[in-house]
Structures are given as C-alpha cells and as structure tokens.
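Let me begin by presenting the structure, written as structure tokens, before commenting on it.
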Amino acid sequence: MSSQSVRSFHDINQVVDLDFHLVESESDLVPYLESPFQEMITRSDAADPDSYNTSKFFLDGIGGDIGPEAAPTTADIKEVMADLGIDRVTLNPGLNLNLVTVHNDEYASALASAYNKWVTDTFLDPSEGLYGTMRFCPRFPERAAEEIRKWGDTEGIVGAMLGPPSFKDPIGHPRFDPIYEALADTGLPLLMHNSVLSLQHVFPAPFEAMNTFMEARAVGHPMGQMLQFTSLLVNGVPERFPDLDFVVMESGLGWIPFMMRRLDYYYSSRREDVATLTKPPSEYVDDSFYFTTQPIEGTDDPAYVQQVIEWIGAENVMFSSDYPHSDFDYSDALYNSLREGFDAEAIEDVYGATAMEVLDY
Amino acid sequence: MTGESPPSNAHHVGSTAEFDEGDHLLVEVEGIEIAVYNTPNGYFAVSNYCVHQGGPLCEGPVTGSLSSDEDGILCYDEDTQVVRCPWHGWEFDIESGEHLSRPSYSQPTYEVDVHDGELYVRW
Amino acid sequence: MDEEPPPDTDVPPSAGRGREPYSGVDIKELPTWWRHAIEHFEARGLNAYRPARFTDGTLTRRVAAELEAELDVSITLRCKNASVGDDWTIRVDGDPVGTVGRHRSKEGHTVFETTANEFRTNIRDALGENR
C-alpha cells in the first residue's frame, strides 16, 4: 500500500485493469483447434448446408459492440495501457464470451481450448504487464476441470473466465463441482462476464421484444449476472469451496447491495430452501465476491458512486476499463468519483492492490 | 421444586396434568400472550409476538427442520424443535428462542417452573 | 343495547402500524398492567406492545380486570394447541365457561371476536348458572 497521499490518478502506485477485451475472430482460433475440429472446419465441404453441424457463434441480436478503437495486437494494447496509465492488464475474451451460442457441445468445448492456446501464444507477457484469463466450457465439467488444471500454473494466466448463463443447469448446480474443485486446487479465481448477444440467444422471447441497444445493454448484463450470482450462493458453492474467489464483471454496481439484502431477506423465511448454508448470503458475498467497476452508473453523482461502493465495501471492488467497448471510460473518471469519499489506501485497493491479492498476477 | 412456594414474579399458566408431551398451551397472562411447550426436554415458554413484526408466532407449526451435517449433506434435524411464524415463516428454536438463519434475531423466552403439578412462567 | 364507544383510556396506541404508538402518551397515566406490558416488550426487543381488544375496540384486559374485581373471580383466556384461527377458552376460576373466536390483527394486536358487553354477559350468566 502506498503511504503517500493519492492526490491524482497518477499518484496511484499500481493500476491493474481487470477487463480489457480482445477482439478475436473465429478464424484466429482455427489454427489452434485440436483434431478433429480443425479438419472439420477447414475441410472443403465445411460450408455445405448438410455438413457436420459445427454450427458457429449465433450472434443475431442487438446491443453487442466492439467499440470505436479495438486494440488487436500487443503493440496496440501496450499503447492503450500507456495512454490510460495501466500497469497490468487482464486480457479477456471478446467473441469467446459467446460460447453458449455455439450449438454443438463438442465444438464449443474445442473452441475454449483453442482460445487458451491462442491467447497464451499471442498475447500474454507478464514482463510487459500483459496477463489474461483462460476460458473453459462448462458443458463437460470434467473436461473443463482438466482445462483449468492444464493452464492454472501458466505464467500470465490470472483467472478462469465463465461466460453468460446458459440453457442448461445454472452455474451453481453441483454437477459443476469438478470445475470448482479444479479452481480451488489451482488457486485461480472465477471471473464471470456476461454478453448481451448470448443472453438474447438464451432468453429469446423477452429479449426479442427489445428493439434498442439501450434496453439490451441496460438489462442484459445485470440480469445475467444476478442469475449467476444467485445460483452460486443458493447452491452453496462458496460454502463448499470457501477458498474460491468470484469476480462479477461489467454489470453495474447498484444491484449488488440490493441483491445482498434481498437474498438475506428471503433467507430469513426460506432457510430450508438453502439448508446447506451456514450464514446469510450477504456474508458469503463479503468474504468471497468481488465486483469490477466498468461501467458504473451515476458518475455524474459522485455521492451515489461513493455510497454504493461503501455498501459493497471498497475492498470488494476492482477497477476495470472495459476497453474497447463503448461502455469504456477513461481511468480517472472513476478516480474522480472516489477521491472525495475514500482514503488513499482504499483507492489503491480499488485500482490494483486488491486485484494483486485476488488474481494470480 | 415441589413443596416451595413459587416466587412472586411467577405467573400461573396451567397444570401439568392438562397437557401431554407434544402439546402446547397459549395463555394470556396480565395482557401478555405466552405459549408453554411440553417437550421431551422439558417445558419451554415463548412469547407469542414474533420479534419480526408482532405476528402470532406460537400459533405456527412446531416441527423438526431441514439442515445439513458437517459435510454439507442434507439431513433432517429432529432434535431442534422449531416453531415457524404463520406470517412470514421465520423459524425459532423453541428452547433458546434463536432464529435459525439470522441468529442476531431472538424471540423472547421465559423460565418455566413446576410447583405441585402447577406450571408457572417467570419474568 | 347500543354499543358505547371505547372510553378514552382505551384509545392509545393509535390504530394502524405506526412505529411510535405511544408518542404523545404519558405511559405513567396508563393502568399498571398496561405500563408493565409496554416495558416488558421494550426490554425484550419486541415491537411495541399492543393490548388485545374486543371487536368494539375496548381493551380485553381492562374489561376482564373490572369483572374480576366486581365478581371476585379470576378470568383467564387460553387455548391448548392453538393454531391460527382457533377459538380460545374463557375460564373463570379455572373452570371453562365458554369459547371465543380470536385472531391477531394485521395491526399487531389480538382481537377477541365478541363485544365487551357480550363478554360481560357471558361471564355473569355462567356464574349465575353455577351459583
């Protein structure tokens, strides 16, 4: 922790960005696909209507974007880091957040593995502050566990990324326990990042009725995260795996103190629904859950931002830029909201000190 | 306890002959409603105004409860007798008054004395 | 017989679910049993004490205490194995003399489903039969 006072953003000792998106295309991953998928994708008949159904990402919806200035190469990324004053960056999937939209289970799983090879091969370089998350596909929990164990010790891999909620079992279901065991064994935190386009695929009817980017974005991210967050808590995942850390990303902050209290409220009268819990849901959140900052609603009202972060606990909040999505904000926008209400130590925590403890930099 | 007089702050609520193990008795004493439960572990008295919002707690069912063992496996706990408030389902251990999931909430309980087959609640 | 409105002494706490039902009330002016019950509830962290009433708004305990003094008896209201909505038993000197409907109102006070006058009549009739 810095003992000097933090008078401006540039005084912050170490800035760690939890969420910088890569802009991979499917063709980037093809060379990294294992057999037999690479053969199937590159075969001459792969595009034929009756070919093996390795159906691609289904991204027909509203509210997805890459943003004005993607950073596709390491050189681009380093330039943005210098501009924004970021010391360590966590590179997260772009397209591969949407694995849930890939119909074929085997292919979805193969894509996750290919992504991990691609990202470690192409981008990760701790000496330059370039870190990243690995992707896993929960459809085969044992395989996902293997994948986590495979990459868990790789230098530069700081966490494991879970995408949006899916059609299949909610993520807290005990059939995913092998994944949590693998995370606990490797010490990687679980990062959870939603995708609006995926969510429209998973919940088509209500989302088809949305016809603006604004609606899809405003509702999609927090709604998806509320599902994941609640599923983990009521299924007792942090109870069974008390050493695991969970990082909930890119969904705004105001819903978090709300859901903590709402879940505690129901816990008062529905204890038997969750009889394996040994403490109220909000206590598990305090102990094991972290939340990334971008996009924060209400930055034109610093008192709101400060109050919400106080309610969550500044020690549970971690800075993210969300570059290059159009939700992205310059690093010192958050800083300006924090500086009136929080001391230097809390600001250092939010901007990087907590991330250094929670993730595997 | 037989043979001595009950203390002056003891309020008579009924006779032991009147209700068997498994029964409970609701009675108004000086304007205050109290339930006395006859359990295998003895008599326990609980306030009939739920600490939550004043609901008629002791008119709710008394049962065992779904719990989990030290390995996190679901099991049925018969030993803890739980009364569940009819209004919002808040559950209290009738012996200790403790709320099962929110131990910071506590339902008032009272000492029960037996003198010559008569039951007294003390406060 | 026309029902009289409850006397002023029966009026606090104010109807409804207000948090401070005794604001503006000097509790020392209330009958001892009432003051003691208020203190009893406060000491135990319960919501404010709201005494039981008959359907005409009169206080059950006040009416019963007056009858006890007049007739030199003790009156108890009780119910074995009570569930929501059960009738309670009226006992005079330990003997059951009848039953009365009862419920806990959403305002938080118990209602005995009879009027003060009916209650008085029932007790006096029961004693008249037994004397």
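Order determines the names: the first chain of the structure tokens is A, the second B, and so forth; residues in each chain are numbered 1 upward, and ligands are numbered 1 upward as they are shown.
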- Item | strand (DSSP E or B) positions in chain C, given as an MDAnalysis selection string | chainID C and resid 53:54 59 75:80 88:92 95:100 102:104 110:112
Any chance you could tabulate, as a tab-separated table, the residues of chain A at most 8 Å from chain B with each one's nearest atom pair and distance in Å to one decimal, using only C-alpha atoms, in chain and rising number order?
```
residue	atom	partner	partner_atom	distance
A:Arg240	CA	B:Gly72	CA	7.5
A:Tyr267	CA	B:Ser101	CA	6.9
A:Ser268	CA	B:Ser101	CA	6.0
A:Ser269	CA	B:Trp90	CA	4.8
A:Arg270	CA	B:Gly89	CA	7.2
A:Arg271	CA	B:Ser101	CA	6.2
A:Glu272	CA	B:Leu66	CA	5.7
A:Ala275	CA	B:Ser67	CA	5.1
A:Thr276	CA	B:Ser68	CA	5.2
A:Thr278	CA	B:Ser101	CA	7.8
A:Lys279	CA	B:Ser101	CA	6.9
A:Pro280	CA	B:Ser101	CA	6.9
```
- Message: Given only C-alpha atoms as the basis, pick out the residue of C:Thr115, C:Asn81, C:Thr99, C:Ser105 nearest to chain B.
- Response: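 Nearest candidate to chain B out of C:Thr115, C:Asn81, C:Thr99, C:Ser105: C:Asn81.
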- Any idea what's packed within 9 Å of segment 291-307 of chain A, counting only C-alpha atoms, ignoring anything in its chain fewer than 3 positions away? Could you give it as a ChimeraX atom specification? /A:18-19,246-254,256,310-312,316-322,327-329,333-334,336-338,340-342,350
Residues from last step as file, C-alpha atoms, as an mmCIF file, in the first residue's frame:
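The result, written out as out_1.cif:
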```
data_model
loop_
_atom_site.group_PDB
_atom_site.id
_atom_site.type_symbol
_atom_site.label_atom_id
_atom_site.label_comp_id
_atom_site.auth_asym_id
_atom_site.auth_seq_id
_atom_site.Cartn_x
_atom_site.Cartn_y
_atom_site.Cartn_z
ATOM 1 C CA LEU A 18 -9.474 -6.314 -14.723
ATOM 2 C CA ASP A 19 -11.248 -6.198 -18.071
ATOM 3 C CA PHE A 246 -15.595 -14.935 -7.568
ATOM 4 C CA VAL A 247 -15.271 -11.812 -9.707
ATOM 5 C CA VAL A 248 -18.527 -10.471 -11.138
ATOM 6 C CA MET A 249 -17.868 -8.194 -14.067
ATOM 7 C CA GLU A 250 -19.320 -5.447 -16.206
ATOM 8 C CA SER A 251 -22.826 -5.304 -14.818
ATOM 9 C CA GLY A 252 -23.000 -2.019 -12.926
ATOM 10 C CA LEU A 253 -22.825 -1.806 -9.137
ATOM 11 C CA GLY A 254 -26.164 -0.644 -7.714
ATOM 12 C CA ILE A 256 -25.218 -5.620 -5.687
ATOM 13 C CA GLU A 310 -19.307 1.823 0.603
ATOM 14 C CA TRP A 311 -22.252 -0.549 0.774
ATOM 15 C CA ILE A 312 -20.458 -3.180 -1.275
ATOM 16 C CA ASN A 316 -14.572 -5.866 -2.786
ATOM 17 C CA VAL A 317 -14.435 -3.539 -5.788
ATOM 18 C CA MET A 318 -11.775 -3.667 -8.515
ATOM 19 C CA PHE A 319 -11.100 -1.272 -11.356
ATOM 20 C CA SER A 320 -11.726 -2.314 -14.958
ATOM 21 C CA SER A 321 -11.571 -0.204 -18.133
ATOM 22 C CA ASP A 322 -13.747 -2.433 -20.331
ATOM 23 C CA ASP A 327 -19.113 1.447 -22.236
ATOM 24 C CA PHE A 328 -15.420 2.101 -21.705
ATOM 25 C CA ASP A 329 -14.420 5.121 -19.661
ATOM 26 C CA ALA A 333 -13.424 9.097 -14.336
ATOM 27 C CA LEU A 334 -13.781 6.501 -11.602
ATOM 28 C CA ASN A 336 -12.803 11.484 -9.633
ATOM 29 C CA SER A 337 -15.861 9.810 -8.136
ATOM 30 C CA LEU A 338 -13.830 8.076 -5.446
ATOM 31 C CA GLU A 340 -13.882 12.705 -2.116
ATOM 32 C CA GLY A 341 -15.146 9.714 -0.195
ATOM 33 C CA PHE A 342 -12.239 7.288 0.124
ATOM 34 C CA VAL A 350 -9.677 -0.485 -5.888
#
```
- Please identify all polymer residues within 7 Å of Val13 of chain B, counting only C-alpha atoms, omitting same-chain residues fewer than 4 positions from it, and present them as a ChimeraX atom specification. /B:27,119-121
May I have the residues from that selection written out with C-alpha atoms, as a compact mmCIF listing (two decimals), in the first residue's frame?
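Once everything was written out, this is result18.txt:
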```txt
# COMPACT_ATOMS: atom_id res chain seq x y z
CA VAL B 27 -52.41 -18.29 27.58
CA LEU B 119 -46.90 -24.54 35.85
CA TYR B 120 -45.58 -21.03 36.31
CA VAL B 121 -43.90 -18.72 33.86
```
Which residues of chain C have any atom within 8 Å of an atom in chain B when counting only C-alpha atoms, and what is the closest pair of atoms for each, with the distance in Å to one decimal? Order the rows by chain and rising number and write it as a tab-separated table.
```
residue	atom	partner	partner_atom	distance
C:Trp33	CA	B:Glu30	CA	6.3
C:Trp34	CA	B:Gly31	CA	7.5
C:Ala37	CA	B:Ile32	CA	6.8
C:Arg44	CA	B:Pro108	CA	6.2
C:Gly45	CA	B:Val51	CA	7.2
C:Leu46	CA	B:Val51	CA	5.1
C:Asn47	CA	B:Gly54	CA	6.2
C:Pro51	CA	B:Gly31	CA	6.4
C:Ala52	CA	B:Gly31	CA	7.1
C:Arg61	CA	B:Gly31	CA	5.8
C:Thr76	CA	B:Glu28	CA	6.9
C:Leu77	CA	B:Glu28	CA	5.8
C:Arg78	CA	B:Val27	CA	4.2
C:Cys79	CA	B:Leu26	CA	5.1
C:Lys80	CA	B:Leu25	CA	4.4
C:Asn81	CA	B:His24	CA	5.0
C:Ala82	CA	B:Glu59	CA	5.5
C:Ser83	CA	B:Glu59	CA	4.4
C:Val84	CA	B:Glu59	CA	5.3
C:Arg104	CA	B:Pro56	CA	6.3
C:Gly108	CA	B:Gly54	CA	5.4
```
Can you spit out the residues from that selection as a compact mmCIF listing (two decimals), in the first residue's frame, using N, CA and C atoms?
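And here's out-v7.txt as it stands now:
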```
# COMPACT_ATOMS: atom_id res chain seq x y z
N TRP C 33 -50.98 -2.64 34.65
CA TRP C 33 -50.75 -3.84 33.82
C TRP C 33 -50.30 -3.43 32.42
N TRP C 34 -50.83 -2.34 31.93
CA TRP C 34 -50.53 -1.86 30.58
C TRP C 34 -49.11 -1.29 30.54
N ALA C 37 -46.65 -4.08 30.67
CA ALA C 37 -46.56 -4.80 29.41
C ALA C 37 -45.72 -4.01 28.39
N ARG C 44 -37.48 -6.54 25.95
CA ARG C 44 -37.15 -7.77 25.23
C ARG C 44 -36.98 -7.56 23.73
N GLY C 45 -36.93 -6.30 23.29
CA GLY C 45 -36.68 -6.03 21.88
C GLY C 45 -37.83 -6.35 20.95
N LEU C 46 -39.04 -6.45 21.54
CA LEU C 46 -40.20 -6.72 20.70
C LEU C 46 -40.74 -5.41 20.14
N ASN C 47 -41.55 -5.52 19.08
CA ASN C 47 -42.30 -4.36 18.61
C ASN C 47 -43.19 -3.87 19.75
N PRO C 51 -52.26 -3.92 23.24
CA PRO C 51 -53.12 -4.81 24.03
C PRO C 51 -54.24 -5.41 23.19
N ALA C 52 -54.73 -6.55 23.65
CA ALA C 52 -55.84 -7.23 22.98
C ALA C 52 -57.12 -6.42 23.15
N ARG C 61 -58.23 -6.82 28.58
CA ARG C 61 -57.69 -6.94 29.94
C ARG C 61 -58.38 -5.98 30.90
N THR C 76 -59.37 -16.15 32.87
CA THR C 76 -58.22 -16.47 32.01
C THR C 76 -58.70 -16.77 30.60
N LEU C 77 -57.90 -16.36 29.65
CA LEU C 77 -58.16 -16.71 28.25
C LEU C 77 -57.01 -17.58 27.78
N ARG C 78 -57.33 -18.74 27.23
CA ARG C 78 -56.26 -19.66 26.87
C ARG C 78 -56.73 -20.63 25.78
N CYS C 79 -55.74 -21.31 25.18
CA CYS C 79 -56.09 -22.29 24.15
C CYS C 79 -55.01 -23.36 24.11
N LYS C 80 -55.45 -24.59 24.20
CA LYS C 80 -54.49 -25.69 24.11
C LYS C 80 -54.23 -26.00 22.64
N ASN C 81 -52.95 -26.14 22.28
CA ASN C 81 -52.55 -26.47 20.91
C ASN C 81 -53.16 -25.53 19.88
N ALA C 82 -53.10 -24.26 20.19
CA ALA C 82 -53.72 -23.25 19.33
C ALA C 82 -53.05 -23.19 17.97
N SER C 83 -53.90 -23.13 16.95
CA SER C 83 -53.43 -22.79 15.61
C SER C 83 -54.09 -21.48 15.22
N VAL C 84 -53.63 -20.89 14.14
CA VAL C 84 -54.22 -19.64 13.67
C VAL C 84 -55.72 -19.85 13.46
N ARG C 104 -55.04 -12.56 15.47
CA ARG C 104 -54.07 -11.46 15.60
C ARG C 104 -54.27 -10.58 14.38
N GLY C 108 -51.25 -5.88 14.57
CA GLY C 108 -50.37 -6.46 15.58
C GLY C 108 -51.02 -6.67 16.93
```
- Surrounding residues of segment 194-205 of chain A excluding itself and chain neighbours under 6 positions, 9 Å, only C-alpha atoms, as a PyMOL selection string: chain A and resi 58-64+97-101+162-167+216-217+219-222+224-225+249-251
Same residues, N, CA and C atoms, output as a short mmCIF file (atom, residue, chain, number, x, y, z; two decimals), in the first residue's frame:
```
data_model
loop_
_atom_site.label_atom_id
_atom_site.label_comp_id
_atom_site.auth_asym_id
_atom_site.auth_seq_id
_atom_site.Cartn_x
_atom_site.Cartn_y
_atom_site.Cartn_z
N PHE A 58 -23.80 -17.82 -32.72
CA PHE A 58 -25.10 -17.32 -33.17
C PHE A 58 -25.30 -15.95 -32.52
N LEU A 59 -24.98 -14.92 -33.27
CA LEU A 59 -24.92 -13.59 -32.65
C LEU A 59 -25.90 -12.62 -33.31
N ASP A 60 -27.08 -13.13 -33.61
CA ASP A 60 -28.07 -12.31 -34.26
C ASP A 60 -28.85 -11.58 -33.18
N GLY A 61 -28.52 -10.36 -32.88
CA GLY A 61 -29.22 -9.67 -31.80
C GLY A 61 -28.82 -8.21 -31.77
N ILE A 62 -29.14 -7.56 -30.67
CA ILE A 62 -28.89 -6.12 -30.57
C ILE A 62 -28.10 -5.84 -29.28
N GLY A 63 -27.24 -4.86 -29.33
CA GLY A 63 -26.55 -4.44 -28.13
C GLY A 63 -25.13 -4.93 -28.03
N GLY A 64 -24.66 -5.67 -29.03
CA GLY A 64 -23.26 -6.08 -28.99
C GLY A 64 -22.42 -5.07 -29.73
N LEU A 97 -16.67 -15.00 -25.35
CA LEU A 97 -17.64 -14.93 -24.26
C LEU A 97 -18.93 -15.60 -24.69
N ASN A 98 -19.12 -15.75 -26.00
CA ASN A 98 -20.41 -16.21 -26.53
C ASN A 98 -20.44 -17.69 -26.85
N LEU A 99 -19.62 -18.49 -26.20
CA LEU A 99 -19.62 -19.92 -26.49
C LEU A 99 -20.99 -20.55 -26.30
N VAL A 100 -21.79 -19.97 -25.42
CA VAL A 100 -23.11 -20.55 -25.18
C VAL A 100 -23.97 -20.55 -26.45
N THR A 101 -23.62 -19.71 -27.41
CA THR A 101 -24.42 -19.66 -28.63
C THR A 101 -23.98 -20.69 -29.66
N LEU A 162 -15.77 -17.46 -16.94
CA LEU A 162 -17.07 -18.06 -17.22
C LEU A 162 -17.90 -17.04 -17.97
N GLY A 163 -18.62 -17.50 -18.98
CA GLY A 163 -19.43 -16.59 -19.78
C GLY A 163 -20.85 -16.46 -19.24
N PRO A 164 -21.76 -16.09 -20.14
CA PRO A 164 -23.14 -15.83 -19.72
C PRO A 164 -23.86 -17.10 -19.25
N PRO A 165 -25.00 -16.92 -18.57
CA PRO A 165 -25.79 -18.09 -18.17
C PRO A 165 -26.28 -18.83 -19.41
N SER A 166 -26.54 -20.11 -19.24
CA SER A 166 -26.86 -20.93 -20.41
C SER A 166 -28.22 -21.59 -20.25
N PHE A 167 -28.64 -22.29 -21.31
CA PHE A 167 -29.89 -23.05 -21.26
C PHE A 167 -29.82 -24.14 -20.21
N ALA A 216 -31.22 -3.50 -24.38
CA ALA A 216 -30.49 -4.77 -24.29
C ALA A 216 -29.31 -4.63 -23.33
N ARG A 217 -28.58 -3.53 -23.46
CA ARG A 217 -27.41 -3.34 -22.60
C ARG A 217 -27.79 -3.10 -21.16
N VAL A 219 -30.38 -3.88 -19.37
CA VAL A 219 -30.97 -5.00 -18.63
C VAL A 219 -30.10 -6.25 -18.70
N GLY A 220 -29.54 -6.52 -19.88
CA GLY A 220 -28.89 -7.82 -20.11
C GLY A 220 -27.78 -8.15 -19.14
N HIS A 221 -26.85 -7.22 -18.98
CA HIS A 221 -25.69 -7.54 -18.14
C HIS A 221 -26.07 -7.80 -16.68
N PRO A 222 -26.77 -6.86 -16.03
CA PRO A 222 -27.07 -7.16 -14.62
C PRO A 222 -28.00 -8.34 -14.45
N GLY A 224 -28.23 -11.11 -16.25
CA GLY A 224 -27.47 -12.34 -16.39
C GLY A 224 -26.60 -12.59 -15.18
N GLN A 225 -25.99 -11.53 -14.67
CA GLN A 225 -25.11 -11.70 -13.51
C GLN A 225 -25.92 -12.01 -12.26
N MET A 249 -18.40 -9.26 -13.23
CA MET A 249 -17.87 -8.19 -14.07
C MET A 249 -18.93 -7.46 -14.88
N GLU A 250 -18.64 -6.25 -15.19
CA GLU A 250 -19.32 -5.45 -16.21
C GLU A 250 -20.85 -5.45 -16.11
N SER A 251 -21.37 -5.26 -14.92
CA SER A 251 -22.83 -5.30 -14.82
C SER A 251 -23.39 -4.15 -14.01
#
```
